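Novice: Got a structure for you, start-v6.cif, holding mmCIF, C-alpha atoms.
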```
data_model
loop_
_atom_site.label_atom_id
_atom_site.label_comp_id
_atom_site.auth_asym_id
_atom_site.auth_seq_id
_atom_site.Cartn_x
_atom_site.Cartn_y
_atom_site.Cartn_z
CA MET A 17 -28.59 -111.35 45.32
CA LYS A 18 -32.11 -112.68 45.64
CA ASN A 19 -35.31 -113.07 43.70
CA ILE A 20 -38.86 -112.21 44.56
CA ASN A 21 -41.85 -114.36 43.74
CA VAL A 22 -44.97 -113.25 45.55
CA PRO A 23 -48.24 -114.73 44.33
CA ALA A 24 -51.28 -112.49 43.94
CA SER A 25 -53.99 -112.47 46.58
CA GLN A 26 -57.46 -111.00 46.31
CA SER A 27 -56.20 -107.58 47.37
CA THR A 28 -52.48 -107.71 46.52
CA PRO A 29 -50.62 -107.95 43.22
CA ALA A 30 -48.37 -110.74 41.96
CA ILE A 31 -44.77 -109.54 42.15
CA GLN A 32 -41.69 -111.03 40.52
CA GLY A 33 -38.16 -109.73 40.96
CA ASP A 34 -35.37 -111.24 38.88
CA TRP A 35 -32.01 -109.94 40.13
CA GLN A 36 -30.01 -111.51 37.29
CA ALA A 37 -32.23 -110.01 34.60
CA GLY A 38 -32.63 -106.72 36.46
CA VAL A 39 -36.41 -106.81 36.16
CA LEU A 40 -39.20 -106.16 38.68
CA LYS A 41 -42.73 -107.03 37.56
CA MET A 42 -46.13 -106.49 39.16
CA GLN A 43 -49.61 -107.46 38.05
CA GLY A 44 -53.08 -106.93 39.44
CA ASP A 45 -54.97 -104.97 42.06
CA SER A 46 -53.33 -103.60 45.16
CA TYR A 47 -55.51 -102.55 48.07
CA PRO A 48 -54.16 -104.05 51.27
CA GLU A 49 -54.96 -102.18 54.46
CA ASN A 50 -51.27 -101.51 55.04
CA ALA A 51 -49.33 -101.66 51.79
CA PHE A 52 -45.97 -101.45 53.55
CA GLU A 53 -46.46 -104.89 55.03
CA LEU A 54 -46.08 -106.17 51.46
CA PHE A 55 -44.12 -103.43 49.73
CA GLY A 56 -41.53 -102.98 52.49
CA GLU A 57 -39.74 -106.07 51.19
CA ILE A 58 -40.04 -104.90 47.57
CA ILE A 59 -38.69 -101.43 48.36
CA GLN A 60 -35.78 -103.06 50.18
CA TRP A 61 -35.09 -105.29 47.15
CA VAL A 62 -34.94 -102.26 44.85
CA GLU A 63 -32.64 -100.42 47.29
CA ASP A 64 -30.36 -103.45 47.56
CA TYR A 65 -30.30 -103.98 43.79
CA LEU A 66 -29.44 -100.34 43.09
CA ALA A 67 -26.72 -100.38 45.77
CA GLN A 68 -25.14 -103.78 45.04
CA SER A 69 -25.43 -104.01 41.27
CA ALA A 70 -24.41 -101.59 38.52
CA ASP A 71 -26.74 -103.14 35.97
CA PRO A 72 -29.90 -101.49 34.60
CA LEU A 73 -33.22 -101.93 36.44
CA ARG A 74 -36.44 -102.32 34.49
CA LEU A 75 -39.97 -102.24 35.98
CA GLU A 76 -42.81 -103.91 34.06
CA LEU A 77 -46.17 -103.05 35.55
CA GLN A 78 -49.70 -104.23 34.80
CA LEU A 79 -51.35 -102.79 37.86
CA LEU A 80 -55.07 -102.17 38.21
CA TYR A 81 -56.73 -100.53 41.22
CA LEU A 82 -54.29 -99.10 43.73
CA ASN A 83 -55.47 -97.79 47.10
CA THR A 84 -53.70 -94.72 48.48
CA SER A 85 -51.56 -96.89 50.75
CA SER A 86 -50.24 -98.71 47.66
CA ILE A 87 -49.80 -95.45 45.76
CA LYS A 88 -47.50 -94.19 48.54
CA ALA A 89 -45.47 -97.40 48.36
CA MET A 90 -45.15 -97.21 44.56
CA MET A 91 -44.09 -93.58 44.86
CA ASP A 92 -41.29 -94.66 47.21
CA ILE A 93 -40.12 -97.13 44.56
CA PHE A 94 -40.26 -94.53 41.78
CA ASP A 95 -38.34 -92.08 43.99
CA LEU A 96 -35.56 -94.66 44.37
CA LEU A 97 -35.44 -95.02 40.60
CA GLU A 98 -35.42 -91.25 40.11
CA ASP A 99 -32.50 -90.81 42.55
CA ALA A 100 -30.56 -93.54 40.72
CA HIS A 101 -31.38 -92.02 37.33
CA VAL A 102 -30.13 -88.59 38.42
CA LYS A 103 -26.86 -90.28 39.39
CA GLY A 104 -26.52 -91.79 35.92
CA ARG A 105 -27.99 -95.25 36.48
CA ALA A 106 -30.07 -96.92 33.75
CA VAL A 107 -33.62 -97.36 35.05
CA SER A 108 -36.94 -97.57 33.23
CA VAL A 109 -40.61 -98.28 33.75
CA LYS A 110 -43.09 -99.77 31.34
CA TRP A 111 -46.72 -99.48 32.48
CA HIS A 112 -49.26 -101.56 30.56
CA TYR A 113 -52.97 -100.86 30.90
CA ASP A 114 -56.27 -101.98 29.45
CA LYS A 115 -57.52 -99.35 27.01
CA ARG A 116 -61.09 -99.70 28.32
CA ASN A 117 -60.23 -98.09 31.65
CA GLU A 118 -58.83 -94.59 31.29
CA ARG A 119 -58.39 -94.33 35.06
CA LEU A 120 -55.43 -96.72 34.80
CA ALA A 121 -53.66 -94.48 32.29
CA GLU A 122 -54.36 -91.42 34.46
CA LEU A 123 -52.73 -93.07 37.48
CA ALA A 124 -49.66 -93.97 35.43
CA GLU A 125 -49.47 -90.43 34.02
CA GLU A 126 -49.53 -88.95 37.52
CA PHE A 127 -46.64 -91.13 38.61
CA LYS A 128 -44.77 -90.25 35.43
CA GLU A 129 -45.08 -86.51 36.20
CA ASP A 130 -42.56 -86.87 39.03
CA CYS A 131 -40.08 -88.97 37.06
CA THR A 132 -37.45 -87.91 34.55
CA PHE A 133 -36.33 -91.46 33.66
CA SER A 134 -37.84 -93.47 30.80
CA PHE A 135 -41.50 -94.12 31.71
CA LEU A 136 -43.49 -95.74 28.95
CA ILE A 137 -47.27 -96.04 29.26
CA ALA A 138 -48.72 -98.51 26.76
CA SER A 139 -52.30 -99.61 26.22
CA HIS A 140 -53.64 -102.95 25.07
CA GLU A 141 -57.15 -104.26 24.48
CA MET B 20 -104.02 -98.72 40.24
CA THR B 21 -102.20 -100.41 43.15
CA THR B 22 -104.12 -101.78 46.09
CA PRO B 23 -102.88 -100.73 49.54
CA PRO B 24 -100.71 -103.39 51.22
CA THR B 25 -102.36 -105.75 53.68
CA LEU B 26 -100.45 -107.31 56.52
CA THR B 27 -100.96 -110.87 57.67
CA HIS B 28 -99.19 -112.37 60.67
CA ALA B 29 -98.36 -116.06 60.97
CA GLY B 30 -96.94 -118.01 63.85
CA ALA B 31 -95.79 -115.82 66.71
CA ALA B 32 -96.45 -112.11 66.21
CA MET B 33 -93.54 -110.38 64.51
CA HIS B 34 -91.87 -107.47 66.31
CA SER B 35 -89.36 -104.87 65.28
CA PRO B 36 -87.19 -104.55 63.23
CA ASP B 37 -90.00 -104.27 60.69
CA LEU B 38 -88.49 -105.78 57.55
CA TYR B 39 -91.15 -104.38 55.30
CA ALA B 40 -90.52 -100.82 56.42
CA LEU B 41 -86.78 -101.44 56.14
CA ARG B 42 -87.19 -102.77 52.61
CA GLU B 43 -89.35 -99.81 51.61
CA ASN B 44 -86.67 -97.50 52.97
CA PHE B 45 -83.91 -99.34 51.09
CA ASN B 46 -85.87 -99.28 47.83
CA ARG B 47 -86.77 -95.62 48.21
CA GLU B 48 -83.09 -94.74 48.80
CA ARG B 49 -82.02 -97.07 45.96
CA ILE B 50 -79.64 -98.84 48.31
CA MET B 51 -77.59 -101.54 46.58
CA LEU B 52 -75.49 -102.66 49.51
CA CYS B 53 -75.45 -101.81 53.16
CA PHE B 54 -73.70 -103.04 56.22
CA ASN B 55 -73.75 -102.22 59.89
CA GLY B 56 -71.44 -103.77 62.44
CA PRO B 57 -67.83 -104.59 63.28
CA ILE B 58 -65.75 -104.40 60.13
CA SER B 59 -62.71 -106.63 59.64
CA ARG B 60 -60.13 -106.66 56.81
CA SER B 61 -61.70 -109.72 55.24
CA LEU B 62 -65.21 -108.31 55.51
CA ILE B 63 -64.11 -105.19 53.65
CA GLU B 64 -62.81 -107.46 50.88
CA GLU B 65 -65.92 -109.64 50.78
CA ILE B 66 -68.29 -106.68 50.65
CA GLY B 67 -65.91 -105.22 48.07
CA ASN B 68 -66.40 -108.33 45.94
CA ALA B 69 -70.17 -108.02 46.22
CA LEU B 70 -69.83 -104.38 45.17
CA LYS B 71 -67.71 -105.32 42.14
CA ASN B 72 -70.35 -107.85 41.11
CA TYR B 73 -73.16 -105.33 41.45
CA LEU B 74 -71.24 -102.78 39.39
CA ALA B 75 -70.58 -105.36 36.69
CA ALA B 76 -74.26 -106.38 36.65
CA ASP B 77 -75.17 -102.67 36.35
CA GLN B 78 -72.79 -102.50 33.39
CA ALA B 79 -70.98 -99.58 34.96
CA LEU B 80 -68.09 -98.37 32.80
CA PRO B 81 -64.70 -99.64 34.03
CA ALA B 82 -63.44 -96.21 35.15
CA ALA B 83 -66.69 -95.36 36.98
CA ALA B 84 -66.76 -98.79 38.63
CA MET B 85 -63.16 -98.34 39.77
CA ASP B 86 -64.00 -94.90 41.23
CA VAL B 87 -66.92 -96.31 43.23
CA PHE B 88 -64.77 -99.19 44.44
CA ALA B 89 -61.98 -96.77 45.35
CA ALA B 90 -64.32 -94.55 47.41
CA TYR B 91 -65.61 -97.64 49.24
CA ILE B 92 -62.11 -98.98 49.96
CA GLU B 93 -60.69 -95.63 51.10
CA MET B 94 -63.67 -94.92 53.40
CA THR B 95 -63.70 -98.35 55.04
CA GLN B 96 -59.91 -98.53 55.37
CA ASN B 97 -59.87 -95.03 56.88
CA ILE B 98 -62.24 -96.35 59.54
CA ARG B 99 -60.00 -99.37 60.17
CA HIS B 100 -56.91 -97.15 60.45
CA TYR B 101 -58.73 -94.79 62.81
CA VAL B 102 -59.90 -97.46 65.24
CA ALA B 103 -56.42 -99.00 65.26
CA ARG B 104 -54.83 -95.61 66.01
CA ARG B 105 -57.34 -94.95 68.80
CA GLY B 106 -56.97 -98.45 70.21
CA TYR B 107 -60.69 -99.16 70.17
CA ALA B 108 -61.87 -102.64 71.18
CA GLU B 109 -63.18 -105.08 68.57
CA ALA B 110 -66.82 -104.33 69.44
CA GLU B 111 -66.18 -100.63 68.83
CA THR B 112 -64.71 -101.08 65.36
CA ALA B 113 -68.21 -100.79 63.99
CA ALA B 114 -68.99 -99.09 60.74
CA THR B 115 -72.15 -98.29 58.87
CA VAL B 116 -71.63 -98.45 55.11
CA VAL B 117 -74.20 -97.77 52.42
CA ILE B 118 -73.85 -97.86 48.65
CA SER B 119 -76.79 -96.48 46.76
CA ARG B 120 -77.74 -94.60 43.63
CA ASP B 121 -79.37 -91.24 43.14
CA GLU B 122 -82.18 -90.30 40.74
CA SER B 123 -79.74 -89.66 37.90
CA GLY B 124 -78.02 -93.01 38.38
CA ARG B 125 -74.87 -91.73 40.04
CA TYR B 126 -73.41 -93.97 42.72
CA ILE B 127 -73.31 -92.76 46.30
CA VAL B 128 -70.85 -94.22 48.78
CA SER B 129 -71.49 -93.42 52.45
CA ALA B 130 -69.76 -94.60 55.57
CA GLY B 131 -69.93 -93.69 59.23
CA ASN B 132 -68.24 -94.61 62.48
CA LEU B 133 -67.87 -93.54 66.08
CA VAL B 134 -65.02 -91.13 66.75
CA GLU B 135 -63.61 -88.99 69.54
CA ALA B 136 -65.52 -85.70 69.32
CA GLY B 137 -62.32 -83.69 68.85
CA ASP B 138 -61.18 -85.91 65.97
CA GLY B 139 -64.63 -85.59 64.41
CA ARG B 140 -64.48 -81.80 64.52
CA ALA B 141 -60.99 -81.85 63.01
CA VAL B 142 -62.02 -83.95 60.04
CA MET B 143 -65.17 -81.84 59.55
CA SER B 144 -63.06 -78.70 59.18
CA ARG B 145 -60.76 -80.55 56.80
CA ILE B 146 -63.74 -81.52 54.65
CA ASN B 147 -64.98 -77.94 54.69
CA ALA B 148 -61.54 -76.77 53.60
CA ILE B 149 -61.38 -79.06 50.60
CA ALA B 150 -65.02 -78.50 49.59
CA THR B 151 -64.10 -75.27 47.85
CA LEU B 152 -61.15 -76.67 45.90
CA ASP B 153 -61.45 -77.16 42.17
CA LYS B 154 -59.97 -80.13 40.29
CA ALA B 155 -56.54 -78.54 39.89
CA ALA B 156 -56.36 -77.47 43.54
CA LEU B 157 -57.47 -80.93 44.72
CA LYS B 158 -54.76 -82.51 42.60
CA ALA B 159 -52.15 -80.14 44.05
CA ALA B 160 -53.33 -80.87 47.63
CA TYR B 161 -53.23 -84.59 46.86
CA LYS B 162 -49.68 -84.44 45.49
CA GLU B 163 -48.55 -82.42 48.51
CA GLN B 164 -50.14 -84.92 50.91
CA LEU B 165 -48.59 -87.81 48.96
CA ARG B 166 -45.13 -86.44 49.67
CA LYS B 167 -45.65 -86.00 53.40
CA PRO B 168 -43.87 -88.57 55.56
CA ARG B 169 -46.01 -91.41 56.83
CA ASP B 170 -47.28 -90.17 60.20
CA PRO B 171 -48.58 -92.95 62.43
CA ALA B 172 -49.80 -90.36 64.93
CA LEU B 173 -51.97 -88.62 62.35
CA THR B 174 -55.17 -87.62 64.14
CA GLY B 175 -58.42 -86.76 62.45
CA GLY B 176 -57.26 -88.84 59.48
CA ALA B 177 -58.44 -86.96 56.45
CA GLY B 178 -55.22 -87.32 54.58
CA LEU B 179 -54.56 -88.85 51.20
CA GLY B 180 -57.60 -91.14 51.22
CA LEU B 181 -60.02 -88.29 51.70
CA LEU B 182 -58.42 -86.25 48.93
CA ASP B 183 -58.51 -89.28 46.64
CA ILE B 184 -62.26 -89.67 47.24
CA ALA B 185 -62.81 -85.92 46.76
CA ARG B 186 -61.01 -86.04 43.39
CA LYS B 187 -63.17 -88.91 42.18
CA ALA B 188 -66.44 -87.43 43.42
CA SER B 189 -68.65 -85.45 41.06
CA GLU B 190 -69.45 -82.89 43.74
CA PRO B 191 -67.91 -81.75 47.06
CA LEU B 192 -67.95 -84.38 49.80
CA GLN B 193 -70.72 -84.17 52.38
CA ALA B 194 -70.15 -85.03 56.01
CA ALA B 195 -72.07 -84.92 59.26
CA LEU B 196 -71.03 -85.12 62.87
CA ILE B 197 -73.54 -86.11 65.53
CA GLU B 198 -72.12 -85.43 68.98
CA HIS B 199 -73.34 -87.56 71.87
CA GLY B 200 -72.12 -85.14 74.51
CA ASP B 201 -69.85 -87.79 76.07
CA ASP B 202 -66.74 -86.92 74.00
CA ARG B 203 -67.82 -89.44 71.38
CA ALA B 204 -69.53 -88.60 68.13
CA PHE B 205 -70.82 -90.33 65.03
CA PHE B 206 -69.02 -89.16 61.92
CA SER B 207 -70.40 -89.92 58.47
CA LEU B 208 -69.11 -89.16 55.02
CA ARG B 209 -71.00 -89.20 51.73
CA ALA B 210 -69.46 -89.16 48.27
CA VAL B 211 -71.36 -88.88 45.00
CA ILE B 212 -69.37 -90.54 42.25
#
```
Can the structure from this file be put into C-alpha cells for me?
Specialist:
Amino acid sequence: MKNINVPASQSTPAIQGDWQAGVLKMQGDSYPENAFELFGEIIQWVEDYLAQSADPLRLELQLLYLNTSSIKAMMDIFDLLEDAHVKGRAVSVKWHYDKRNERLAELAEEFKEDCTFSFLIASHE
Amino acid sequence: MTTPPTLTHAGAAMHSPDLYALRENFNRERIMLCFNGPISRSLIEEIGNALKNYLAADQALPAAAMDVFAAYIEMTQNIRHYVARRGYAEAETAATVVISRDESGRYIVSAGNLVEAGDGRAVMSRINAIATLDKAALKAAYKEQLRKPRDPALTGGAGLGLLDIARKASEPLQAALIEHGDDRAFFSLRAVI
C-alpha cells in the first residue's frame, strides 16, 4: 500500500495516487523523451492496486499535450483498467479538458474508443 | 520606391557567414525559429518554450498551436531516439530544425539529421506509403501502430510519431534524402500544419 506524489516538471505531469481513496490523478503536459521512465512506476502502482485491493479505482485526468511516448504509456494504464473491468472490477476515468482546445477532447475520445468502462469526458472554461 | 542597399564595413573586414544574406533568406522563407547543431533533451524543451511563446504571440488557436508543438516534439524526439539507437557520438547527434510559415499563414515544421543510408531509404518508403492514406486510413494505421509492442530495435523509426505528425498535417508529409555515398545520408522531413 503506497501513495504517489510526483510534482510536475516542464515536460511531465503532476501525478497523485491515493491508495486509500482509490484515486489516481494527473495534471498537465506530458512530453518526456521516454515516458516509461516516469510512467513505469505509475503503471506498476495501478497493477499493484488492482491485484492487492478489491476496492474501486478512479482516474481523474486534466492532461494537456501528450507526446506519442506518453500516449503509449496511458494506453497501457487504460488496458489494465479494461482488463479489470471485464473481470467485474469497478474502474472509471474522468477526463477534464479546457473547452477552448478541441484537440484535448479528441485525444480523450480516442482513448475512450478502446474502453468499455465508465469514461467521462467533461469540459470546463 | 526603395533604394538599393549599400554596404559599409567597419573595423576588420567581415567574412562569411554573411548575416545580411542569411537574414534575407530567413525573412523570405518566413522562418520563425531555426536551429542547427547537437540537440539535447533540455534544448528541445527550451526551443519548445520559445516556440510556444511565438505561437501565443501569433495568437494561434489552441488546437493549431498544440499541433505545431506536437509536430516539433515528435520530429526532434524521433531524432534523439534514432541517434541513441544507432549509438552515435554526441557530436553526431546534430539536427537542423526550422519552423516557418507559408504564404497562407500555415505553420511548417521541418527537421533533418544524418542517418545510415539504409535507414534513410526505409523511412522514405514508409513516408511514401502513408502519403496516400486519407484521414480514416491514417487513424487506423495509427491505432494499429499504437498496439504494437515497444520495439527497442525498431530501425528506420517512422512509427507512431510519424503517423501522429501525418494526422495533424494539412497535406501529405514531404521528405528528402541526400545520400553522401559513404553509407550516410541527410534525411529531412517537412510537415505543413
Novice: Could you list, as a PyMOL selection string, the residues of chain A having an atom within 9 Å of chain B when counting only C-alpha atoms?
Specialist: chain A and resi 26-27+47-50+81-85+87-88+91+116-120
Novice: May I have the residues within 9 Å of A:Ala37 as a ChimeraX atom specification, using only C-alpha atoms and disregarding those fewer than 5 positions away in the same chain?
Specialist: /A:71-74
Novice: For the file shown, what are the residues hit by the PyMOL selection byres ((chain A and resi 59) around 9), laid out as a list in words?
Specialist: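 Checking the PyMOL selection byres ((chain A and resi 59) around 9) against this file, the residues are Phe52, Phe55, Gly56, Glu57, Ile58, Gln60, Trp61, Val62, Glu63, Asp64, Ala89, Met90, Asp92, Ile93 and Leu96 of chain A.
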Novice: For those residues, write C-alpha atoms to a file as a JSON list (two decimals), in the frame of the given file.
Specialist:
```json
[["chain", "number", "residue", "atom", "x", "y", "z"],
["A", 52, "PHE", "CA", -45.97, -101.45, 53.55],
["A", 55, "PHE", "CA", -44.12, -103.43, 49.73],
["A", 56, "GLY", "CA", -41.53, -102.98, 52.49],
["A", 57, "GLU", "CA", -39.74, -106.07, 51.19],
["A", 58, "ILE", "CA", -40.04, -104.90, 47.57],
["A", 60, "GLN", "CA", -35.78, -103.06, 50.18],
["A", 61, "TRP", "CA", -35.09, -105.29, 47.15],
["A", 62, "VAL", "CA", -34.94, -102.26, 44.85],
["A", 63, "GLU", "CA", -32.64, -100.42, 47.29],
["A", 64, "ASP", "CA", -30.36, -103.45, 47.56],
["A", 89, "ALA", "CA", -45.47, -97.40, 48.36],
["A", 90, "MET", "CA", -45.15, -97.21, 44.56],
["A", 92, "ASP", "CA", -41.29, -94.66, 47.21],
["A", 93, "ILE", "CA", -40.12, -97.13, 44.56],
["A", 96, "LEU", "CA", -35.56, -94.66, 44.37]]
```
Novice: Which residues would end up in the selection if the PyMOL selection byres ((chain A and resi 40) around 8) were applied here, given that I need the answer as a list in words?
Specialist: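 On the file shown, the PyMOL selection byres ((chain A and resi 40) around 8) covers Ile31, Gln32, Gly33, Asp34, Gly38, Val39, Lys41, Met42, Leu73, Arg74, Leu75 and Glu76 of chain A.
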Novice: Would you mind reading off the distance between atom CA of B:Met51 and atom CA of B:Ala29, one decimal, in Å?
Specialist: 29.1 Å
Novice: Name the residues that the PyMOL selection byres ((chain B and resi 113-123) around 7) picks from the file above, as a list of chain:residue names, using the file's chain letters and numbers.
Specialist: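 Selection result, ordered by chain and number: B:Glu48, B:Arg49, B:Ile50, B:Met51, B:Leu52, B:Cys53, B:Phe54, B:Asn55, B:Gly56, B:Pro57, B:Ile58, B:Ala110, B:Glu111, B:Thr112, B:Gly124, B:Arg125, B:Tyr126, B:Ile127, B:Val128, B:Ser129, B:Ala130, B:Gly131, B:Asn132.
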Novice: Please measure the separation of atom CA of A:Ala138 and atom CA of A:Gly44, giving the value in Å to one decimal.
Specialist: 15.8 Å
Novice: Please, what distance in Å, to one decimal, runs between atom CA of B:Gly106 and atom CA of B:Ala136?
Specialist: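 Answer for the atom CA of B:Gly106 to atom CA of B:Ala136 separation: 15.4 Å.
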Novice: Nearest residue to B:Ile212 out of B:Ala159, B:Ala40, B:Leu70, B:Ala185, using only C-alpha atoms?
Specialist: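 Of B:Ala159, B:Ala40, B:Leu70, B:Ala185, the one nearest B:Ile212, counting only C-alpha atoms, is B:Ala185.
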Novice: With all atoms listed in the file as the basis for distance, which of A:Thr132, A:Gln68, A:Gln43, A:Ser108 is at the shortest distance from A:Leu80?
Specialist: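 Looking at the shortest contact to A:Leu80, the residue is A:Gln43.
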Novice: Leaving out A:Phe127 and any residue of its chain fewer than 2 positions from it, which residues lie within 10 Å of it when counting all atoms listed in the file, given as a VMD selection string?
Specialist: chain A and resid 87 90 to 91 94 to 95 122 to 125 129 to 131 135
Novice: Could you add whatever atoms are missing so that stretch 120-132 of chain A carries N, CA and C atoms, then write the result as a PDB file, in the coordinates of the input?
Specialist:
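Result went into out-v3.pdb, see below:
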```pdb
ATOM      1  N   LEU A 120     -56.730 -96.068  34.659  1.00  0.00           N
ATOM      2  CA  LEU A 120     -55.430 -96.720  34.800  1.00  0.00           C
ATOM      3  C   LEU A 120     -54.336 -95.892  34.148  1.00  0.00           C
ATOM      4  N   ALA A 121     -54.647 -95.321  32.982  1.00  0.00           N
ATOM      5  CA  ALA A 121     -53.660 -94.480  32.290  1.00  0.00           C
ATOM      6  C   ALA A 121     -53.419 -93.210  33.096  1.00  0.00           C
ATOM      7  N   GLU A 122     -54.489 -92.651  33.673  1.00  0.00           N
ATOM      8  CA  GLU A 122     -54.360 -91.420  34.460  1.00  0.00           C
ATOM      9  C   GLU A 122     -53.442 -91.620  35.652  1.00  0.00           C
ATOM     10  N   LEU A 123     -53.579 -92.770  36.315  1.00  0.00           N
ATOM     11  CA  LEU A 123     -52.730 -93.070  37.480  1.00  0.00           C
ATOM     12  C   LEU A 123     -51.272 -93.140  37.047  1.00  0.00           C
ATOM     13  N   ALA A 124     -51.031 -93.850  35.934  1.00  0.00           N
ATOM     14  CA  ALA A 124     -49.660 -93.970  35.430  1.00  0.00           C
ATOM     15  C   ALA A 124     -49.099 -92.601  35.068  1.00  0.00           C
ATOM     16  N   GLU A 125     -49.917 -91.777  34.422  1.00  0.00           N
ATOM     17  CA  GLU A 125     -49.470 -90.430  34.020  1.00  0.00           C
ATOM     18  C   GLU A 125     -49.075 -89.603  35.239  1.00  0.00           C
ATOM     19  N   GLU A 126     -49.846 -89.732  36.310  1.00  0.00           N
ATOM     20  CA  GLU A 126     -49.530 -88.950  37.520  1.00  0.00           C
ATOM     21  C   GLU A 126     -48.212 -89.387  38.139  1.00  0.00           C
ATOM     22  N   PHE A 127     -47.937 -90.670  38.114  1.00  0.00           N
ATOM     23  CA  PHE A 127     -46.640 -91.130  38.610  1.00  0.00           C
ATOM     24  C   PHE A 127     -45.533 -90.594  37.714  1.00  0.00           C
ATOM     25  N   LYS A 128     -45.777 -90.651  36.410  1.00  0.00           N
ATOM     26  CA  LYS A 128     -44.770 -90.250  35.430  1.00  0.00           C
ATOM     27  C   LYS A 128     -44.386 -88.773  35.597  1.00  0.00           C
ATOM     28  N   GLU A 129     -45.335 -87.957  36.037  1.00  0.00           N
ATOM     29  CA  GLU A 129     -45.080 -86.510  36.200  1.00  0.00           C
ATOM     30  C   GLU A 129     -43.882 -86.228  37.101  1.00  0.00           C
ATOM     31  N   ASP A 130     -43.652 -87.101  38.076  1.00  0.00           N
ATOM     32  CA  ASP A 130     -42.560 -86.870  39.030  1.00  0.00           C
ATOM     33  C   ASP A 130     -41.281 -87.598  38.660  1.00  0.00           C
ATOM     34  N   CYS A 131     -41.250 -88.181  37.459  1.00  0.00           N
ATOM     35  CA  CYS A 131     -40.080 -88.970  37.060  1.00  0.00           C
ATOM     36  C   CYS A 131     -39.450 -88.392  35.795  1.00  0.00           C
ATOM     37  N   THR A 132     -38.112 -88.370  35.766  1.00  0.00           N
ATOM     38  CA  THR A 132     -37.450 -87.910  34.550  1.00  0.00           C
ATOM     39  C   THR A 132     -36.825 -89.081  33.785  1.00  0.00           C
TER      40      THR A 132
END
```
